[in-house]
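Right, one structure below, let's go through it.
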Amino acid sequence: DGGITQSPKYLFRKEGQNVTLSCEQNLNHDAMYWYRQDPGQGLRLIYYSQIVNDFQKGDIAEGYSVSREKKESFPLTVTSAQKNPTAFYLCASSRRGGDEQYFGPGTRLTVT
Amino acid sequence: KQEVTQIPAALSVPEGENLVLNCSFTDSAIYNLQWFRQDPGKGLTSLLLIQSSQREQTSGRLNASLDKSSGRSTLYIAASQPGDSATYLCAVDGGGSEKLVFGKGTKLTVNP
């Protein structure tokens with residue numbers, strides 16, 4: 001089955017720890033995205049990548065980092081510099097930038 | 001800066017009713033507009049994508065329209081069913097930056 005997978009579904013971390021969220025796609029899409037969703041705020045773009053080895057900051061990149069070493073993978077690291085990391089994180093991909101975006105099932109991160 | 005508004009925030013209807021969800025955006029220079037469905041705790045499911053040159057798109061009981069000049073889109077759901085209960089999100093792509101700007105969604109409840 002083609003699609004986007006995110007793991008784990010739930011993640012718990014102590015404050016001050018870095019944590020990496022996984023996102024993999026087998027759709028052969030060039031573009032991949034990371035969004036954050038908070039109650040009552042809608043989705044906000046963290047980072048996006050249009051091609052391997054290239055990525056750009058979105059609206060709320062502070063405290064986050066990404067890499068795009070392989071076409072099918074776009075991991076997101078939430079660093080200790082992120083002030084309010086508890087949120088629902090969604091990964092998406094599209095054939096190329098500007099095309100229809102397809103989303104993964106999300107990872108709910110809780111930091112205490 | 002593009003802003004997307006969805007009204008109402010919540011809507012409750014009896015089963016079988018036809019309904020319309022509204023989406024408005026402030027900058028009419030869009031590349032495309034996408035409607036998504038999100039079930040609680042899940043990722044987003046793409047419903048319809050309308051390119052800026054199109055007026056509407058249809059998929060089954062769903063019909064989405066786009067009026068760029070007035071900055072509006074509507075999602076029409078015919079003969080609603082309890083399984084349609086979800087949050088519906090509208091997102092616009094301004095082109096160039098390849099990023100989607102999301103509304104906060106309309107939470108739809110279809111009562112049996």
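Every chain in the structure tokens has a letter given in the order shown (A, B, ...), and although residue numbers restart at 1 in each chain, ligands are simply numbered from 1 in the order shown.
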
Using only C-alpha atoms, find each residue of chain B with at least one atom at most 8 Å away from an atom of chain A; report its shortest atom-to-atom pair and that distance in Å (one decimal), sort the rows by chain and rising residue number, and return the result as CSV.
residue,atom,partner,partner_atom,distance
B:Tyr31,CA,A:Gly98,CA,7.4
B:Asn32,CA,A:Gly98,CA,7.8
B:Gln34,CA,A:Glu100,CA,7.4
B:Lys42,CA,A:Pro105,CA,5.4
B:Gly43,CA,A:Pro105,CA,4.1
B:Leu44,CA,A:Phe103,CA,5.6
B:Thr45,CA,A:Phe103,CA,6.7
B:Ser46,CA,A:Tyr102,CA,6.5
B:Leu49,CA,A:Glu100,CA,6.6
B:Asp93,CA,A:Gly98,CA,6.8
B:Gly95,CA,A:Gly98,CA,6.4
B:Glu98,CA,A:Gly98,CA,4.9
B:Lys99,CA,A:Gly98,CA,7.3
B:Leu100,CA,A:Leu45,CA,7.8
B:Val101,CA,A:Arg44,CA,7.5
B:Phe102,CA,A:Leu43,CA,6.0
B:Gly103,CA,A:Gly42,CA,6.2
B:Lys104,CA,A:Gly42,CA,4.4
B:Gly105,CA,A:Gly42,CA,7.2

_I'd like the neighbourhood of Gln57 of chain B as a VMD selection string, where a residue qualifies if any of its atoms comes within 12 Å (using only C-alpha atoms), though same-chain residues fewer than 2 positions away should be ignored._
chain B and resid 32 to 35 47 to 55 59 to 66 73 to 76

*When distances are computed from only C-alpha atoms, which of B:Ala79, B:Asp67, B:Ala86, B:Val110 shows the smallest separation from Ala29 of chain B?*
B:Asp67

_Could you list, as number ranges by chain, every residue within 10 Å of segment 10-13 of chain B, counting only C-alpha atoms and ignoring same-chain residues fewer than 2 positions away?_
B: 6-8, 15-21, 80-82, 85, 87-88, 105-112

Write a file of the selected residues as a PDB file, in the first residue's frame, keeping C-alpha atoms.
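Result saved to part38.pdb:
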ATOM      1  CA  GLN B   6     -14.007  29.120   8.266  1.00  0.00           C
ATOM      2  CA  ILE B   7     -17.482  29.858   9.525  1.00  0.00           C
ATOM      3  CA  PRO B   8     -19.199  28.398  11.441  1.00  0.00           C
ATOM      4  CA  GLU B  15     -29.126  13.015   8.921  1.00  0.00           C
ATOM      5  CA  GLY B  16     -30.173  13.476   5.300  1.00  0.00           C
ATOM      6  CA  GLU B  17     -29.809  17.239   5.244  1.00  0.00           C
ATOM      7  CA  ASN B  18     -27.830  19.009   2.535  1.00  0.00           C
ATOM      8  CA  LEU B  19     -25.302  21.442   3.970  1.00  0.00           C
ATOM      9  CA  VAL B  20     -22.710  24.026   3.022  1.00  0.00           C
ATOM     10  CA  LEU B  21     -19.412  24.775   4.733  1.00  0.00           C
ATOM     11  CA  SER B  80     -25.452  14.013   4.955  1.00  0.00           C
ATOM     12  CA  GLN B  81     -24.777  10.827   6.944  1.00  0.00           C
ATOM     13  CA  PRO B  82     -23.544  10.238  10.513  1.00  0.00           C
ATOM     14  CA  SER B  85     -19.191  13.762  11.218  1.00  0.00           C
ATOM     15  CA  THR B  87     -13.790  18.457  11.260  1.00  0.00           C
ATOM     16  CA  TYR B  88     -13.494  19.934   7.768  1.00  0.00           C
ATOM     17  CA  GLY B 105     -11.931  24.178  10.580  1.00  0.00           C
ATOM     18  CA  THR B 106     -15.639  23.524  10.940  1.00  0.00           C
ATOM     19  CA  LYS B 107     -16.626  20.686  13.249  1.00  0.00           C
ATOM     20  CA  LEU B 108     -19.615  18.914  11.684  1.00  0.00           C
ATOM     21  CA  THR B 109     -21.931  16.622  13.601  1.00  0.00           C
ATOM     22  CA  VAL B 110     -24.593  14.691  11.686  1.00  0.00           C
ATOM     23  CA  ASN B 111     -27.213  13.300  14.038  1.00  0.00           C
ATOM     24  CA  PRO B 112     -28.981  10.017  13.212  1.00  0.00           C
TER      25      PRO B 112
END

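For the atom pair formed by atom CA of Gln25 of chain A and atom CA of Gln82 of chain A, the distance is 25.9 Å, given to one decimal.
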
*Fewer than 3 positions away in the same chain doesn't count, so skip those; otherwise give me all residues within 9 Å of Thr77 of chain A, counting only C-alpha atoms, as a PyMOL selection string.*
chain A and resi 18-22+63-67

For C-alpha atoms, I'd like the residues from the last selection saved as a compact mmCIF listing (two decimals), in the first residue's frame.
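Result file is out.txt:
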# COMPACT_ATOMS: atom_id res chain seq x y z
CA ASN A 18 15.52 16.28 22.22
CA VAL A 19 13.14 13.94 20.40
CA THR A 20 12.95 12.85 16.75
CA LEU A 21 9.68 12.14 14.96
CA SER A 22 9.73 9.83 11.99
CA GLY A 63 13.29 25.02 18.18
CA TYR A 64 12.95 22.44 15.40
CA SER A 65 15.38 20.85 12.93
CA VAL A 66 14.97 18.53 9.94
CA SER A 67 17.02 16.56 7.45

*Write out as an NGL selection string all residues of chain B that backbone DSSP assigns to strand (DSSP E or B).*
:B and (4-7 or 10-14 or 19-25 or 32-38 or 44-51 or 56-59 or 62-67 or 72-77 or 86-93 or 100-102 or 106-111)

*asked:* Could you tell me how far atom CA of Gln17 of chain A sits from atom CA of Val78 of chain A, in Å to one decimal place?
replied: 8.6 Å

Quick one: residues within 10 Å of Ser73 of chain A, only C-alpha atoms, excluding same-chain residues fewer than 3 positions away - as a PDB file with C-alpha atoms, in the first residue's frame?
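The result, written out as selection28.pdb:
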ATOM      1  CA  ILE A   4       2.736   8.117   4.550  1.00  0.00           C
ATOM      2  CA  THR A   5       3.687   6.599   7.879  1.00  0.00           C
ATOM      3  CA  SER A  22       9.733   9.825  11.990  1.00  0.00           C
ATOM      4  CA  CYS A  23       8.003  10.396   8.644  1.00  0.00           C
ATOM      5  CA  GLU A  24       8.308   7.998   5.704  1.00  0.00           C
ATOM      6  CA  GLN A  25       6.509   7.975   2.352  1.00  0.00           C
ATOM      7  CA  ASN A  26       6.491   5.465  -0.483  1.00  0.00           C
ATOM      8  CA  MET A  32       7.498  16.784   2.129  1.00  0.00           C
ATOM      9  CA  VAL A  52      16.430  15.734  -1.355  1.00  0.00           C
ATOM     10  CA  SER A  67      17.019  16.564   7.450  1.00  0.00           C
ATOM     11  CA  ARG A  68      16.206  15.200   3.991  1.00  0.00           C
ATOM     12  CA  GLU A  69      18.937  12.714   3.143  1.00  0.00           C
ATOM     13  CA  LYS A  70      16.559  10.342   1.339  1.00  0.00           C
ATOM     14  CA  LEU A  76      11.740  16.149  12.509  1.00  0.00           C
TER      15      LEU A  76
END

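If you look at atom CA of Phe55 of chain A and atom CA of Gly94 of chain B, they are 18.2 Å away from each other.
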